[in-house]
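Shown next, in structure tokens, is the structure this report addresses.
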Amino acid sequence: MRSFDVRAVKAVILAILVVISMATAVQAAVYYVDATNGNDSYDGMSASTPWKTISRVNGSSFAPGDSILFKRGEMWREQLTPPSSGALGSVITFGTYGTGSRPVISGSNIVNGIPYIINDTFTGNAVRGWAAGRGTVQATNDHLEAVLDGVDNNYGDYLTRDVPAMKEGWLMYRFSLIKGYTWTKDQAVVGSGVIDGAYVGLINANGAPVWRVRVERDGGFDYYVPAAPSVQDGIWYDVKVHVKAASAAGANDGAVQVWINGALIFNLSGIDSDTKTLKKVSMGNTYYAPAGLSMRLGIDDVKFANCDINGSESGGWNATGVSGSDGSDIYQGYAFFDSSTLFENRSALKKVAWSTDLATTAARMQAGTWTIDTKNWLLYVIPSTPVLPDSNLYEASTRANSILVSGKNYTKFEGLELKNSDRESLLFMKLTGIEINDIVAHHNGCQGTNLSTVQGQTVNDVYVHDSIFRDSSWNGVSVDCYYGPSSNITIENNTIFNNIHNGIDFKAAANYTYSNLKVTGNRSYRNGTHGLYMQNYTVGGAKNATIAHNLFYRNYGAGGYIHKNFTGQEHSGIKVYGNTFAYNGVDGGFGPGVQLEAVDSDIRDNNFYTDSVTASGNSEYRINGSGNSSDFNNSFDRGRTAYLYYNGASYTFPAFRSLGFEAQGSSVNPRFNGEFTDDYTLRWDSPSIDAGVAISGISTDILGNPIYGTPDLGAFEFQPPYTMGFDAPDTASNVRIYSDGKFRNTLPPAGTAAHLVIAPSGGFTSGKYDEWMNLVINAWETSGVFEKSWRESSSTIGYLQTAHTVGDLQPSRYYAVAVDTVTGLGIGGAGCSAGICLSDAEGKISFTYNGGYNGGTHTFSVRESGTIPSCVALTNSVCYPSISAAYQSLSEDGTILVRNLSLTENLTFDKNISVSVFGGYDAGFTSKTGITTVSGSLSVTTGAVTFGSFSMK
């Protein structure tokens, strides 16, 4: 009987189960979100069963590798707060699906005069989330319609929208009573959920409607009946309720506020979410306050003048009869927020600070401005064009961020549009591992300074790339060290423009260090201060930063400002390589292309371009600090002699060089393709081409193009436009050829092509971009003796063999090929003998050269030769001294041409091929002049042979 080791069997089974478990665990899930057709009760696991809200996303848990995809063409007016962390190599991705425009996560809400029913999980555009408790409900894009069923009952008809996790919310509704309507028992119009179970609205009191606020407490509830306003039939009433839960356990900063027609009638503060009590307030009671809030609009069997709960039934914006300073009409709407920015048709209007009353404030208002009265929650606007505001779309920033990532590691965001937030569009903080790819973030940061469209605070392993950051009220993209050091930050291939402050911003806040930075391939332009800014503190600064192949232009301040604004720790190890700085410091700005205040740092391969006409205080660049170096840069000023600064003193370029800088640098016009149209690519004749020095780790330019040969200066590498073998060099243009076969002119062309192809014998190497050969054409005759002459030089070929094809010759003629005046020196090839080559029917000769270059220059010449090589028979364009030699060269059917000669030769044909032998040809094998006579034997053992103009003796 065979025995088994039970322990071994158990181990194997356990291993199998572990493998199965691991295989199951690594299967990532994909979730879909659709603002129009989604439903939060769905599983979200397919495009046909998507979730609806970001709130549903925020309240879920995800595993490493999961993806949450937002449908293109949709908009969410919510804040995304990722609830889970991914893992290294298995991130959680927030991306897109479908076709059309980017999914939008907006920090704003629509404001069109009459307020919306709203909380922070839905807006007027999402009121479809409300459901009918009794009766029916119909939602349109701008209002909610409720139709009663006419049945008198204890509970009445109502609409409901419960959001237990909500921490702050607004409830608004508008209604009017039919004139002469008689109230009966249990009738009311109320908004509930101020605190769970609290009501605000009209109720029946002794046969007459009165305002009443009911707030629940432990074991009961209390009523508050305000003295005003009085309730009248036929009057429209706008009711607004604001509820704010306490911000943290033990914090007494919760609140309940109620406005009616803009007047604050109830203000209860001091909600403590930890003890679930309210501080003693004027009402003298203690109230119950749960951690979450819910919103309900109740309609308890009350008839309305019409069935719009909130909308534009009264015409939307109301004319105030007051004019601005320019005579423009001011219109009134209702606000449920203290917003800092109002957008009209997606363009921000100018905000005017509120002063006492409308009449006083109006004196400072004009077309395209707005203001807000936060005491009465009224909003006033003057459209930017003389139209009624109802014809415009108005949006107001209300949420701090479109996306907030706090302490959640290894996440990725791509393909989204983020806009209109009060602070950062995307704020990420205290985390490791985040990727931001293909994001468009704009119009944010309205609530203050030191904000960015995208901002990181104390973060590590950050990759921000291929995105657009624009129109921020402060910075474009920023990383700081507010809570601790930050490291391994890459900002790459982004477009950053029209930001009020800096395009790219790094700060050593709270005296921490940010290190290992890469800022590469970005375009940062037309920003209000600097294209790039780096700041130090007393014990914090930048360490090891590479700023390479960026384009900084037309920024109001410096293109790049590495700023030592505090004494103490220095920035160190800053490498500024291969950037283009152009027209920075416009309109009297700070001026330098780059100002480096650091130690042990390096500046090279850059193009600095200024215009002292538009920026008289500018300089090309400035260096402050010890241990710094600069070389291989070009510094040019269109309006004057270039000036550079070292440790605060100004120098001309020659004087600056005498300090030990720019030994290989220059101060010449870089010849951009269009500096007046902001095209800073290099012209074909730019002196910046091949003028730099190779830098380890840099192999592409700002566009991802390869570096050809020696690097060019600036962000853009000139790409050779011609290909050897497809394009003919110009006879007047010296040509530089690269290892992939591309070439460029180095002198102006004359318009005459030289049909000359030079290549390695094995062909060019795709993906190899180093300089291969320089070519200078001395002469290129296309008549007479058809002389050709050119020079070849190379420092890389060595003794490798090169192949040449020379055209523009007469067909079927012999040409002598000489190298350095010696015919046949290193020349070989099937159609050549001792340097004498026979041209083909197209007037081309082909030969190889194996004499080597070894860093030197060789002169090649081709001219028609009067000497005919020892050639009796010709096959496949190759001359042979005998018919037998020609026959032996054949491996398949062919033709042998033989000169008009008398020969002595024994002929043996023993190959299984068919051969035709035609004699009587002239020396050039171009025409027959007689017959060929051969004395000797003839033997055909296999194959077939045909003779013509041929005689055997």
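Lettering and numbering for the structure tokens are positional, with chains as A, B, ... in the shown order, residues counted from 1 in each chain, and ligands counted from 1 in the shown order.
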6 Å contact set for region 341-349 of chain A, only C-alpha atoms, chain neighbours under 4 positions out, as a compact mmCIF listing (two decimals) with N, CA, C and O atoms, in the first residue's frame:
```txt
# COMPACT_ATOMS: atom_id res chain seq x y z
N GLY A 368 -21.45 94.26 -15.53
CA GLY A 368 -20.49 93.19 -15.28
C GLY A 368 -20.06 93.08 -13.84
O GLY A 368 -19.02 92.49 -13.54
N THR A 369 -20.85 93.62 -12.90
CA THR A 369 -20.52 93.52 -11.48
C THR A 369 -21.69 92.91 -10.70
O THR A 369 -22.81 92.83 -11.20
N LEU A 393 -26.86 82.50 -17.89
CA LEU A 393 -26.64 81.45 -16.90
C LEU A 393 -25.72 82.01 -15.82
O LEU A 393 -24.61 82.46 -16.10
N TYR A 394 -26.19 82.00 -14.57
CA TYR A 394 -25.39 82.48 -13.46
C TYR A 394 -25.05 81.31 -12.54
O TYR A 394 -25.92 80.53 -12.15
N GLU A 395 -23.77 81.21 -12.19
CA GLU A 395 -23.29 80.18 -11.28
C GLU A 395 -22.44 80.84 -10.20
O GLU A 395 -21.65 81.73 -10.50
N ALA A 396 -22.59 80.40 -8.98
CA ALA A 396 -21.82 80.96 -7.88
C ALA A 396 -21.01 79.87 -7.19
O ALA A 396 -21.50 78.77 -6.94
N SER A 397 -19.74 80.17 -6.93
CA SER A 397 -18.88 79.20 -6.26
C SER A 397 -19.37 79.01 -4.82
O SER A 397 -19.59 79.97 -4.09
```
Please list as a ChimeraX atom specification every residue within 12 Å of Thr926 (chain A), counting only C-alpha atoms and excluding residues in the same chain fewer than 5 positions away.
/A:811-814,838-841,874,877,897-900,919-921
Write out as a VMD selection string each polymer residue whose atoms come within 8 Å of region 763-774 of chain A, counting only C-alpha atoms; drop sequence neighbours fewer than 3 positions from it.
chain A and resid 706 to 710 734 to 741 759 to 760 792 to 797
Identify, with DSSP run on backbone atoms, the residues in region 332-564 of chain A assigned to alpha helix (DSSP H), and express the list as a PyMOL selection string.
chain A and resi 358-362
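Using only C-alpha atoms, the protein and nucleic acid residues lying no more than 7 Å from Ile468 (chain A), apart from those fewer than 3 places from it along its own chain, are Ile439, Val440, Ala441, Asn494, Thr495 and Ile496 of chain A.
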Just the selected residues (C-alpha atoms), exported as a short mmCIF file (atom, residue, chain, number, x, y, z; two decimals), in the first residue's frame, please.
```
data_model
loop_
_atom_site.label_atom_id
_atom_site.label_comp_id
_atom_site.auth_asym_id
_atom_site.auth_seq_id
_atom_site.Cartn_x
_atom_site.Cartn_y
_atom_site.Cartn_z
CA ILE A 439 -7.14 67.14 -15.93
CA VAL A 440 -8.53 70.56 -16.86
CA ALA A 441 -8.86 72.76 -13.75
CA ASN A 494 1.31 70.66 -18.35
CA THR A 495 -0.10 73.88 -19.80
CA ILE A 496 -0.43 76.56 -17.12
#
```
For region 655-657 of chain A: contacts at 12 Å, only C-alpha atoms, fewer than 2 positions along chain excluded, given as a ChimeraX atom specification:
/A:620-623,629-633,635,641-647,649-653,659-667
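Straight-line separation from CA of Val454 (chain A) to CA of Ser406 (chain A): 13.5 Å.
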Could you list, as an mmCIF file with N, CA, C and O atoms, in the first residue's frame, every residue within 10 Å of region 356-361 of chain A, counting only C-alpha atoms and ignoring same-chain residues fewer than 6 positions away?
```
data_model
loop_
_atom_site.group_PDB
_atom_site.id
_atom_site.type_symbol
_atom_site.label_atom_id
_atom_site.label_comp_id
_atom_site.auth_asym_id
_atom_site.auth_seq_id
_atom_site.Cartn_x
_atom_site.Cartn_y
_atom_site.Cartn_z
ATOM 1 N N THR A 320 -34.878 96.092 -9.498
ATOM 2 C CA THR A 320 -34.877 96.838 -8.232
ATOM 3 C C THR A 320 -35.278 98.293 -8.415
ATOM 4 O O THR A 320 -35.606 98.968 -7.441
ATOM 5 N N VAL A 322 -33.128 100.427 -9.122
ATOM 6 C CA VAL A 322 -31.893 101.140 -8.780
ATOM 7 C C VAL A 322 -30.884 100.910 -9.894
ATOM 8 O O VAL A 322 -30.809 99.816 -10.462
ATOM 9 N N SER A 323 -30.073 101.920 -10.195
ATOM 10 C CA SER A 323 -29.079 101.825 -11.267
ATOM 11 C C SER A 323 -27.678 101.908 -10.708
ATOM 12 O O SER A 323 -27.438 102.492 -9.636
ATOM 13 N N GLY A 324 -26.747 101.323 -11.457
ATOM 14 C CA GLY A 324 -25.345 101.436 -11.106
ATOM 15 C C GLY A 324 -24.776 102.777 -11.530
ATOM 16 O O GLY A 324 -25.488 103.643 -12.054
ATOM 17 N N SER A 325 -23.479 102.953 -11.312
ATOM 18 C CA SER A 325 -22.844 104.237 -11.617
ATOM 19 C C SER A 325 -22.871 104.568 -13.100
ATOM 20 O O SER A 325 -22.773 105.727 -13.487
ATOM 21 N N ILE A 330 -29.979 97.387 -11.975
ATOM 22 C CA ILE A 330 -29.562 96.371 -11.020
ATOM 23 C C ILE A 330 -30.743 95.438 -10.766
ATOM 24 O O ILE A 330 -31.872 95.886 -10.547
ATOM 25 N N TRP A 370 -21.374 92.511 -9.465
ATOM 26 C CA TRP A 370 -22.404 91.935 -8.606
ATOM 27 C C TRP A 370 -22.025 92.164 -7.158
ATOM 28 O O TRP A 370 -20.880 92.515 -6.837
ATOM 29 N N THR A 371 -22.979 91.960 -6.274
ATOM 30 C CA THR A 371 -22.720 92.077 -4.845
ATOM 31 C C THR A 371 -23.695 91.187 -4.099
ATOM 32 O O THR A 371 -24.671 90.699 -4.679
ATOM 33 N N ILE A 372 -23.444 90.953 -2.828
ATOM 34 C CA ILE A 372 -24.313 90.092 -2.025
ATOM 35 C C ILE A 372 -24.511 90.722 -0.657
ATOM 36 O O ILE A 372 -23.563 91.199 -0.025
ATOM 37 N N ASP A 373 -25.765 90.772 -0.233
ATOM 38 C CA ASP A 373 -26.139 91.244 1.095
ATOM 39 C C ASP A 373 -26.321 90.007 1.968
ATOM 40 O O ASP A 373 -27.358 89.343 1.921
ATOM 41 N N LYS A 375 -26.575 89.740 5.123
ATOM 42 C CA LYS A 375 -27.495 89.878 6.255
ATOM 43 C C LYS A 375 -28.884 89.421 5.867
ATOM 44 O O LYS A 375 -29.557 88.696 6.614
ATOM 45 N N TYR A 380 -27.407 90.837 -5.876
ATOM 46 C CA TYR A 380 -27.687 91.869 -6.872
ATOM 47 C C TYR A 380 -26.675 91.760 -8.007
ATOM 48 O O TYR A 380 -25.475 91.553 -7.767
#
```
Go through region 697-874 of chain A and collect every residue that DSSP, computed from the backbone, puts in strand (DSSP E or B); the answer should be as a VMD selection string.
chain A and resid 700 706 722 to 724 727 730 735 to 738 742 to 745 753 756 to 760 771 to 780 788 to 793 802 to 806 814 to 819 822 to 823 827 to 828 832 to 833 836 to 838 845 to 849 857 to 864 873 to 874
Residues of the last selection are to be written out with C-alpha atoms, as a compact mmCIF listing (two decimals), in the first residue's frame.
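And here is the file that came out, selection-v4.txt:
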```txt
# COMPACT_ATOMS: atom_id res chain seq x y z
CA THR A 700 13.75 64.56 -25.47
CA PRO A 706 14.37 63.32 -29.69
CA TYR A 722 14.85 65.73 -44.69
CA THR A 723 15.51 62.01 -45.10
CA MET A 724 18.53 60.63 -46.95
CA ASP A 727 15.18 63.95 -50.24
CA ASP A 730 20.89 71.05 -51.98
CA VAL A 735 24.28 69.14 -44.77
CA ARG A 736 24.38 67.46 -41.37
CA ILE A 737 23.28 63.81 -41.44
CA TYR A 738 22.15 61.91 -38.35
CA LYS A 742 17.53 62.44 -41.22
CA PHE A 743 19.47 65.50 -42.34
CA ARG A 744 19.25 69.28 -42.24
CA ASN A 745 20.79 72.22 -44.04
CA ALA A 753 19.25 69.28 -55.97
CA LEU A 756 23.54 61.94 -53.81
CA VAL A 757 22.77 59.28 -51.22
CA ILE A 758 25.24 58.37 -48.48
CA ALA A 759 24.41 55.76 -45.86
CA PRO A 760 26.00 53.09 -43.70
CA GLU A 771 25.40 63.12 -35.49
CA TRP A 772 26.66 60.77 -38.21
CA MET A 773 28.26 62.83 -40.99
CA ASN A 774 28.71 66.35 -42.29
CA LEU A 775 28.51 66.82 -46.05
CA VAL A 776 29.77 69.77 -48.13
CA ILE A 777 29.17 69.79 -51.90
CA ASN A 778 31.96 71.53 -53.81
CA ALA A 779 30.87 70.96 -57.40
CA TRP A 780 27.92 69.27 -59.10
CA LYS A 788 31.00 65.87 -58.96
CA SER A 789 32.98 66.77 -55.86
CA TRP A 790 32.08 66.79 -52.17
CA ARG A 791 33.60 66.50 -48.71
CA GLU A 792 32.60 64.02 -46.03
CA SER A 793 33.59 64.25 -42.38
CA THR A 802 29.67 53.53 -46.23
CA ALA A 803 27.52 53.11 -49.34
CA HIS A 804 27.13 55.84 -51.98
CA THR A 805 24.80 56.39 -54.90
CA VAL A 806 25.66 59.27 -57.24
CA TYR A 814 32.42 54.85 -67.11
CA TYR A 815 33.23 57.23 -64.28
CA ALA A 816 36.34 57.44 -62.16
CA VAL A 817 35.78 57.75 -58.41
CA ALA A 818 38.65 59.33 -56.47
CA VAL A 819 39.14 59.85 -52.74
CA VAL A 822 43.50 58.99 -55.56
CA THR A 823 41.28 57.03 -57.93
CA ILE A 827 36.32 52.20 -53.47
CA GLY A 828 34.51 48.93 -54.19
CA CYS A 832 33.20 49.18 -60.16
CA SER A 833 36.74 48.01 -60.91
CA ILE A 836 36.12 52.88 -62.46
CA CYS A 837 32.33 52.52 -62.19
CA LEU A 838 29.78 52.01 -64.95
CA ILE A 845 26.68 54.79 -60.10
CA SER A 846 26.83 52.93 -56.78
CA PHE A 847 29.97 52.16 -54.80
CA THR A 848 31.17 51.50 -51.28
CA TYR A 849 33.92 53.24 -49.36
CA THR A 857 37.60 64.82 -43.71
CA HIS A 858 37.77 63.17 -47.15
CA THR A 859 37.11 64.71 -50.54
CA PHE A 860 35.31 62.55 -53.08
CA SER A 861 35.20 63.26 -56.81
CA VAL A 862 33.47 61.64 -59.76
CA ARG A 863 34.28 62.40 -63.41
CA GLU A 864 33.84 60.61 -66.70
CA ALA A 873 31.63 40.15 -70.48
CA LEU A 874 28.89 41.96 -68.62
```
